[in-house]
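Structure, as structure tokens:
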Amino acid sequence: MTFDIVISGGRVLDGTGAPPYRADVGIAGDRIAAVGRLGDAPAGTVIDAAGRLVAPGFVDCHAHGDAAVFDPDVQRAALRQGVTTFVLGQDGLSFAPGSAATVAYASRYFAAVNGTSVEGPLTVAELLAGYDRAVALNTAYLLPHGTIRYDVMGPSPDRAGPDDLAGMLRHVERGLSEGTVGLSTGLEYLPGRYADAEELAALCRPLGGLPYVTHMRAYGERAGVGMAEVVEIAGRSGAAVHVSHLHGPADVLLPLVEEALGKGVDLTFDTYPYLRGNTILAMVALPPSVPGADTDAALEMIGSDALDDWWPTQEALWPRLTVSHAPGLEWAEGLTLVAAAERARVAPAALCRRLLIETRLEAGVVIARPDEGPRGDESVRRMLRHPSQTGGSDGIYVGGHPHPRGFGAFARFLGRHVRELGDWTWEQAAVHLAAHPARRFGLVDRGLLRRGFAADVVVFDPATVGDLATYAAPRTLAEGVGDVVVSGVRVLAGGELTGATPGRALRPS
């Protein structure tokens with residue numbers, strides 16, 4: 001048999017959990033044609049994998065590359081970690097489906113997370129068509145509940161009525177027919193925060209085995225509140241559930257996971273191997289009384305004396321914030337809010353107000369968790385060892401000083417948590433990072449190195465793979481991943497982009 005590509009001489013991690021074994025991988029078209037001893041079988045390209053591991057391409061279960069994925073630097077950053085698929089449409093807010101006004105709102109409100117504004121109106125089918133074969137990575141898309149709610153109800157905080165639910169359900173059903181891989185919510189963001197369990201369960205009922213993916217209403221020590229709602233929605237709808245970035249004290253979180261599983265909830269979750277988070281400043285710095293879904297009204301309130309009693313209550317927050325994205329105030333990026341306030345010769349609360357007003361709520365921050373330290377690191381390790389865990393970077397690529405997780409999370413899983421700490425074996429890593437997430441999102445022909453499966457393949461050096469991005473230098477590329485194939489085409493060779501853009505807009509099958 002003649003192959004387009006043969007990856008020869010490596011040890012294969014096939015994604016089943018089997019230990020690595022010596023085999024060649026033959027690729028024809030966009031499929032894996034053979035896994036075994038292929039000898040001198042003719043091939044258009046031979047990739048020498050001697051001394052390296054060959055694994056199915058990794059699926060980033062939580063990536064904010066909705067606009068950034070078109071940037072070759074972001075593609076390189078992902079591929080250098082072995083990531084071949086981004087799951088987009090996270091936290092209930094993205095670019096489709098919606099009218100021009102809805103797309104403008106989602107673009108503006110989540111600009112510090114998802115990046116460049118997009119013009120509407122836009123359907124899911126149109127969005128997916130824009131990704132297909134236009135980038136080096138595969139993309140999969142979740143229906144964003146907040147975007148849908150805004151399209152039907154605008155910024156209203158009211159409970160959804162029957163007509164509102166019917167309108168949202170039409171969006172859900174059409175989006176599923178056009179190829180989405182689930183429904184996402186962001187219940188700390190707006191307008192998703194206004195939804196109740198009844199509304200969310202109604203929208204989950206059509207999912208048909210695809211997951212309800214949720215940024216819960218509460219995390220950390222209050223995660224029991226968020227998880228109780230997750231269990232209620234699953235019970236009302238019968239939907240599978242995937243909890244986004246489930247971070248916090250493992251002593252609190254793991255019993256909640258086990259309790260949900262014990263109640264029959266089909267539950268998975270993603271985590272990233274860092275203690276700090278990255279989000280929009282407005283979410284962490286403003287009280288619920290500020291109507292953040294109505295930008296002009298929110299800015300008027302922030303600029304008035306309406307919050308004079310609020311700002312003094314946030315003194316413990318300011319030292320935990322580092323400015324990641326501040327258009328027009330780029331001098332502050334990379335500085336803690338306290339250091340930036342000192343440079344501006346104002347109080348931290350005054351600088352926070354300035355950032356919010358002058359960026360029109362677009363400012364982003366990296367935020368340290370209260371439990372940062374050895375206890376927090378042990379919680380990260382315990383969470384990723386749970387069999388329901390999948391890998392997600394929560395990567396945000398916007399701003400001059402983003403969180404390093406988008407540039408290093410998957411390499412850190414491999415270098416630190418497999419090679420150095422032994423939290424996983426290599427074969428377990430392939431399950432957590434490839435097979436398990438592919439199955440969760442209905443990508444049934446990906447996640448395994450098996451004949452007939454899609455040819456998404458990563459070749460990496462187990463002795464050197466690791467992350468180099470830090471909080472001080474967040475855009476530093478990972479090392480150790482030399483060659484990557486996406487949909488049967490070599491997209492990374494010797495650690496550099498080949499220029500090929502075979503990435504598919506994936507649909508569940």
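Residue numbering restarts at 1 in every chain; chains get A, B, ... in the order shown in the structure tokens, and ligands count up from 1 in that same order.
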
Report task. Would you mind listing what lies within 10 Å of His171 of chain A as an MDAnalysis selection string, with only C-alpha atoms counted and same-chain residues fewer than 2 positions away left out? Result -> chainID A and resid 96:98 123:124 143 145 148:149 151:152 165:169 173:177 203

Query raised in the report: Residues at most 7 Å from Leu337 of chain A, counting only C-alpha atoms, excluding those fewer than 4 positions away in the same chain, as a PyMOL selection string?
Result: chain A and resi 318-319+321-323+341+348

Could the residues in this selection be saved with C-alpha atoms as a PDB file, in the first residue's frame?
ATOM      1  CA  TRP A 318      -6.820  44.667  44.065  1.00  0.00           C
ATOM      2  CA  PRO A 319      -3.511  42.898  44.935  1.00  0.00           C
ATOM      3  CA  LEU A 321      -5.304  41.388  39.823  1.00  0.00           C
ATOM      4  CA  THR A 322      -2.800  41.813  36.984  1.00  0.00           C
ATOM      5  CA  VAL A 323      -3.911  43.831  33.964  1.00  0.00           C
ATOM      6  CA  ALA A 341      -2.344  52.569  40.368  1.00  0.00           C
ATOM      7  CA  PRO A 348      -6.495  51.135  43.022  1.00  0.00           C
TER       8      PRO A 348
END

Query raised in the report: Near Gly442 of chain A, within 8 Å and counting only C-alpha atoms, which residues show up once chain neighbours fewer than 2 positions away are dropped, as a list in words?
Result: Val181, Leu210, Ala438, Arg439, Arg440, Val444, Arg507, Pro508 and Ser509 of chain A

For the residues selected in the previous step, produce a file with N, CA and C atoms as a compact mmCIF listing (two decimals), in the first residue's frame.
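So the final result, stored in out24.txt, reads:
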# COMPACT_ATOMS: atom_id res chain seq x y z
N VAL A 181 -21.67 21.16 18.88
CA VAL A 181 -21.33 19.96 19.65
C VAL A 181 -21.84 20.05 21.09
N LEU A 210 -25.37 15.11 23.39
CA LEU A 210 -24.30 16.11 23.40
C LEU A 210 -24.35 16.85 24.74
N ALA A 438 -12.73 13.80 22.87
CA ALA A 438 -13.34 13.54 21.56
C ALA A 438 -14.67 12.82 21.73
N ARG A 439 -14.69 11.87 22.64
CA ARG A 439 -15.94 11.14 22.89
C ARG A 439 -17.00 12.06 23.53
N ARG A 440 -16.57 12.92 24.43
CA ARG A 440 -17.52 13.81 25.12
C ARG A 440 -18.26 14.71 24.15
N VAL A 444 -16.60 11.18 17.08
CA VAL A 444 -16.39 9.75 17.27
C VAL A 444 -15.27 9.18 16.40
N ARG A 507 -18.15 18.51 13.16
CA ARG A 507 -19.54 18.31 13.57
C ARG A 507 -19.67 16.94 14.21
N PRO A 508 -20.56 16.79 15.18
CA PRO A 508 -20.70 15.48 15.83
C PRO A 508 -21.23 14.44 14.85
N SER A 509 -20.83 13.22 15.07
CA SER A 509 -21.28 12.15 14.17
C SER A 509 -21.64 10.91 14.96

Requested in this report: Mind giving me the straight-line distance from atom CA of Phe407 of chain A to atom CA of Arg475 of chain A in Å, one decimal?
Outcome: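 These atoms are spaced 6.0 Å apart.
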
Query raised in the report: What lies within 8 Å of segment 493-499 of chain A using only C-alpha atoms, ignoring chain neighbours under 2 positions off, as a list in words?
Result: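 Contacts, in chain order: Arg76, Arg80, Ala136, Val481, Gly482, Asp483, Val484, Arg490, Val491 and Thr501 of chain A.
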
Go through segment 28-260 of chain A and collect every residue that DSSP, computed from the backbone, puts in strand (DSSP E); the answer should be as a compact mmCIF listing (two decimals) with N, CA and C atoms, in the first residue's frame.
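Writing done, so here's selection.txt:
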# COMPACT_ATOMS: atom_id res chain seq x y z
N ALA A 28 -3.37 7.95 4.69
CA ALA A 28 -3.78 8.12 3.29
C ALA A 28 -4.97 9.07 3.26
N ARG A 31 -7.22 10.14 6.51
CA ARG A 31 -7.50 9.04 7.42
C ARG A 31 -6.24 8.27 7.79
N ILE A 32 -6.28 7.66 8.95
CA ILE A 32 -5.25 6.69 9.33
C ILE A 32 -5.54 5.40 8.59
N ALA A 33 -4.60 4.98 7.79
CA ALA A 33 -4.80 3.78 6.95
C ALA A 33 -4.22 2.53 7.57
N ALA A 34 -3.22 2.68 8.44
CA ALA A 34 -2.60 1.50 9.05
C ALA A 34 -1.83 1.92 10.28
N VAL A 35 -1.82 1.05 11.29
CA VAL A 35 -0.97 1.20 12.47
C VAL A 35 -0.31 -0.15 12.69
N GLY A 36 1.01 -0.20 12.52
CA GLY A 36 1.72 -1.47 12.65
C GLY A 36 3.12 -1.33 12.10
N ALA A 43 5.83 6.06 0.63
CA ALA A 43 5.06 7.17 1.18
C ALA A 43 5.57 8.48 0.59
N GLY A 44 4.66 9.41 0.42
CA GLY A 44 5.05 10.72 -0.08
C GLY A 44 5.94 11.46 0.90
N THR A 45 5.66 11.30 2.20
CA THR A 45 6.44 11.93 3.26
C THR A 45 6.67 10.92 4.36
N VAL A 46 7.89 10.85 4.86
CA VAL A 46 8.21 10.00 6.01
C VAL A 46 8.66 10.91 7.15
N ILE A 47 8.00 10.76 8.30
CA ILE A 47 8.38 11.48 9.51
C ILE A 47 9.07 10.49 10.44
N ASP A 48 10.34 10.74 10.72
CA ASP A 48 11.12 9.86 11.59
C ASP A 48 10.76 10.17 13.04
N LEU A 53 7.23 9.83 21.06
CA LEU A 53 5.91 9.24 21.21
C LEU A 53 4.98 9.79 20.15
N VAL A 54 4.08 8.93 19.67
CA VAL A 54 3.12 9.30 18.64
C VAL A 54 1.73 9.13 19.24
N ALA A 55 0.97 10.22 19.27
CA ALA A 55 -0.32 10.22 19.98
C ALA A 55 -1.41 10.83 19.12
N PRO A 56 -2.67 10.53 19.43
CA PRO A 56 -3.76 11.25 18.76
C PRO A 56 -3.71 12.73 19.13
N PHE A 58 -4.49 16.32 20.46
CA PHE A 58 -5.19 16.68 21.68
C PHE A 58 -6.36 17.63 21.39
N VAL A 59 -7.40 17.50 22.19
CA VAL A 59 -8.60 18.34 22.06
C VAL A 59 -8.64 19.29 23.24
N ASP A 60 -8.53 20.58 22.96
CA ASP A 60 -8.63 21.59 24.01
C ASP A 60 -10.11 21.84 24.27
N ALA A 63 -11.34 26.53 24.96
CA ALA A 63 -10.42 27.50 24.36
C ALA A 63 -11.20 28.71 23.88
N HIS A 64 -10.65 29.88 24.15
CA HIS A 64 -11.27 31.12 23.68
C HIS A 64 -10.54 31.63 22.44
N VAL A 83 -2.00 20.32 20.45
CA VAL A 83 -3.44 20.56 20.35
C VAL A 83 -3.82 20.67 18.88
N THR A 84 -4.75 19.83 18.45
CA THR A 84 -5.21 19.85 17.05
C THR A 84 -6.66 20.28 16.91
N THR A 85 -7.39 20.43 18.03
CA THR A 85 -8.79 20.85 17.97
C THR A 85 -9.09 21.80 19.11
N PHE A 86 -9.70 22.94 18.78
CA PHE A 86 -10.24 23.88 19.76
C PHE A 86 -11.75 23.66 19.84
N VAL A 87 -12.28 23.56 21.06
CA VAL A 87 -13.74 23.62 21.27
C VAL A 87 -14.08 25.05 21.66
N LEU A 88 -14.80 25.74 20.78
CA LEU A 88 -15.09 27.17 20.91
C LEU A 88 -16.55 27.39 21.35
N ASN A 138 -8.37 22.09 13.78
CA ASN A 138 -9.79 21.82 13.72
C ASN A 138 -10.52 22.70 14.74
N THR A 139 -11.77 22.99 14.48
CA THR A 139 -12.59 23.73 15.42
C THR A 139 -13.92 23.02 15.60
N ALA A 140 -14.42 23.06 16.83
CA ALA A 140 -15.77 22.58 17.13
C ALA A 140 -16.45 23.71 17.90
N TYR A 141 -17.76 23.79 17.83
CA TYR A 141 -18.46 24.97 18.34
C TYR A 141 -19.64 24.60 19.21
N LEU A 143 -23.10 25.93 21.17
CA LEU A 143 -24.11 26.98 21.11
C LEU A 143 -24.00 27.83 22.37
N PRO A 144 -23.78 29.14 22.26
CA PRO A 144 -23.63 29.98 23.45
C PRO A 144 -24.97 30.50 23.96
N LEU A 183 -24.21 22.77 24.16
CA LEU A 183 -24.72 24.09 24.56
C LEU A 183 -23.89 24.57 25.74
N SER A 184 -23.41 25.82 25.68
CA SER A 184 -22.60 26.35 26.77
C SER A 184 -23.34 27.45 27.52
N THR A 185 -23.01 27.59 28.82
CA THR A 185 -23.51 28.71 29.60
C THR A 185 -22.37 29.36 30.36
N GLY A 186 -22.56 30.65 30.64
CA GLY A 186 -21.67 31.41 31.51
C GLY A 186 -22.53 32.08 32.56
N PRO A 211 -23.24 17.43 25.17
CA PRO A 211 -23.18 17.93 26.54
C PRO A 211 -23.71 19.35 26.73
N TYR A 212 -24.22 19.57 27.94
CA TYR A 212 -24.45 20.89 28.49
C TYR A 212 -23.14 21.31 29.15
N VAL A 213 -22.49 22.34 28.64
CA VAL A 213 -21.16 22.75 29.08
C VAL A 213 -21.29 24.04 29.85
N THR A 214 -20.93 24.04 31.13
CA THR A 214 -21.28 25.17 31.96
C THR A 214 -20.14 25.79 32.74
N HIS A 215 -20.01 27.11 32.59
CA HIS A 215 -19.31 27.94 33.57
C HIS A 215 -20.35 28.17 34.66
N ALA A 240 -26.26 15.14 29.29
CA ALA A 240 -24.91 14.96 29.80
C ALA A 240 -24.37 16.34 30.17
N VAL A 241 -23.42 16.38 31.10
CA VAL A 241 -22.92 17.65 31.62
C VAL A 241 -21.40 17.66 31.57
N HIS A 242 -20.88 18.82 31.19
CA HIS A 242 -19.43 19.04 31.25
C HIS A 242 -19.21 20.37 31.96
N VAL A 243 -18.53 20.34 33.11
CA VAL A 243 -18.29 21.55 33.89
C VAL A 243 -16.96 22.17 33.45

Query raised in the report: Which residues, written as a ChimeraX atom specification, have at least one atom at most 12 Å from Pro402 of chain A, with only C-alpha atoms counted and residues fewer than 2 positions away on the same chain left out?
Result: /A:64,112-113,115,276-280,322-326,333-335,363-367,394-400,404-408,469-476

Query raised in the report: atom CA of Ala306 of chain A and atom CA of Ala368 of chain A, how far apart in Å?
Result: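 Those two atoms sit 27.6 Å apart.
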
Query raised in the report: What is the atom CA of Ala332 of chain A to atom CA of Arg369 of chain A distance in Å?
Result: 20.8 Å

Query raised in the report: With distances taken over only C-alpha atoms, which of A:Leu421, A:Leu329, A:Leu361, A:Val485 is nearest to Val458 of chain A?
Result: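 That would be A:Val485, the residue with the smallest distance to Val458 of chain A.
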
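The smallest atom-to-atom distance between Ala218 of chain A and any of A:Arg412, A:Arg159, A:His62, A:Arg193, using only C-alpha atoms, is found for A:Arg193.
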
Requested in this report: Please provide the set of residues having any atom within 8 Å of Thr390 of chain A, restricted to only C-alpha atoms, with same-chain residues fewer than 4 positions apart removed, written as a ChimeraX atom specification.
Outcome: /A:61,268-271,384,432-433,436-437

Take the residues from that selection and put them in a file with N, CA and C atoms, as an mmCIF file, in the first residue's frame.
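Resulting contents of selection-v4.cif:
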data_model
loop_
_atom_site.group_PDB
_atom_site.id
_atom_site.type_symbol
_atom_site.label_atom_id
_atom_site.label_comp_id
_atom_site.auth_asym_id
_atom_site.auth_seq_id
_atom_site.Cartn_x
_atom_site.Cartn_y
_atom_site.Cartn_z
ATOM 1 N N CYS A 61 -10.608 21.297 25.384
ATOM 2 C CA CYS A 61 -12.045 21.335 25.682
ATOM 3 C C CYS A 61 -12.566 22.712 26.013
ATOM 4 N N THR A 268 -18.555 15.140 33.154
ATOM 5 C CA THR A 268 -17.118 15.311 32.991
ATOM 6 C C THR A 268 -16.786 16.757 33.319
ATOM 7 N N PHE A 269 -15.503 17.060 33.422
ATOM 8 C CA PHE A 269 -15.082 18.437 33.674
ATOM 9 C C PHE A 269 -13.696 18.637 33.100
ATOM 10 N N ASP A 270 -13.365 19.907 32.834
ATOM 11 C CA ASP A 270 -12.002 20.199 32.395
ATOM 12 C C ASP A 270 -11.292 21.039 33.444
ATOM 13 N N THR A 271 -9.979 20.900 33.482
ATOM 14 C CA THR A 271 -9.134 21.716 34.341
ATOM 15 C C THR A 271 -7.883 22.108 33.565
ATOM 16 N N LEU A 384 -6.902 16.764 38.406
ATOM 17 C CA LEU A 384 -6.578 16.208 37.086
ATOM 18 C C LEU A 384 -6.430 14.690 37.122
ATOM 19 N N HIS A 432 -6.923 11.349 28.702
ATOM 20 C CA HIS A 432 -7.462 12.592 29.244
ATOM 21 C C HIS A 432 -7.466 13.724 28.227
ATOM 22 N N LEU A 433 -6.456 13.753 27.357
ATOM 23 C CA LEU A 433 -6.277 14.902 26.471
ATOM 24 C C LEU A 433 -6.809 14.679 25.057
ATOM 25 N N HIS A 436 -10.854 10.896 25.595
ATOM 26 C CA HIS A 436 -11.987 11.243 26.448
ATOM 27 C C HIS A 436 -12.719 12.487 25.938
ATOM 28 N N PRO A 437 -12.030 13.593 25.638
ATOM 29 C CA PRO A 437 -12.750 14.765 25.129
ATOM 30 C C PRO A 437 -13.377 14.567 23.763
#

Report task. Just the residues within 9 Å of Asp14 of chain A, please, counting only C-alpha atoms, with nothing from its chain fewer than 6 positions along; format it as JSON, numbers by chain. Result -> {"A": [20, 21, 54, 55, 56, 427, 430, 431, 435, 447, 448, 449, 450]}

Query raised in the report: When distances are computed from only C-alpha atoms, which of A:Leu79, A:Val103, A:Trp310, A:Ser117 shows the smallest separation from Ala411 of chain A?
Result: A:Leu79

Query - Which residue of A:Phe460, A:Trp424, A:Phe441, A:Trp331 approaches Gly209 of chain A most closely, using only C-alpha atoms - result: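 Of the candidates, the smallest distance to Gly209 of chain A is held by A:Phe441.
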
Report task. Could you pull out the residues in segment 303-384 of chain A that DSSP calls alpha helix (DSSP H) from the backbone, as a ChimeraX atom specification? Result -> /A:303,337-344,348-358,374-384

**Report entry** Pick from A:Ala500, A:Arg360, A:Val465, A:Glu178, whichever lies nearest to Leu299 of chain A using only C-alpha atoms
**Finding:** A:Arg360
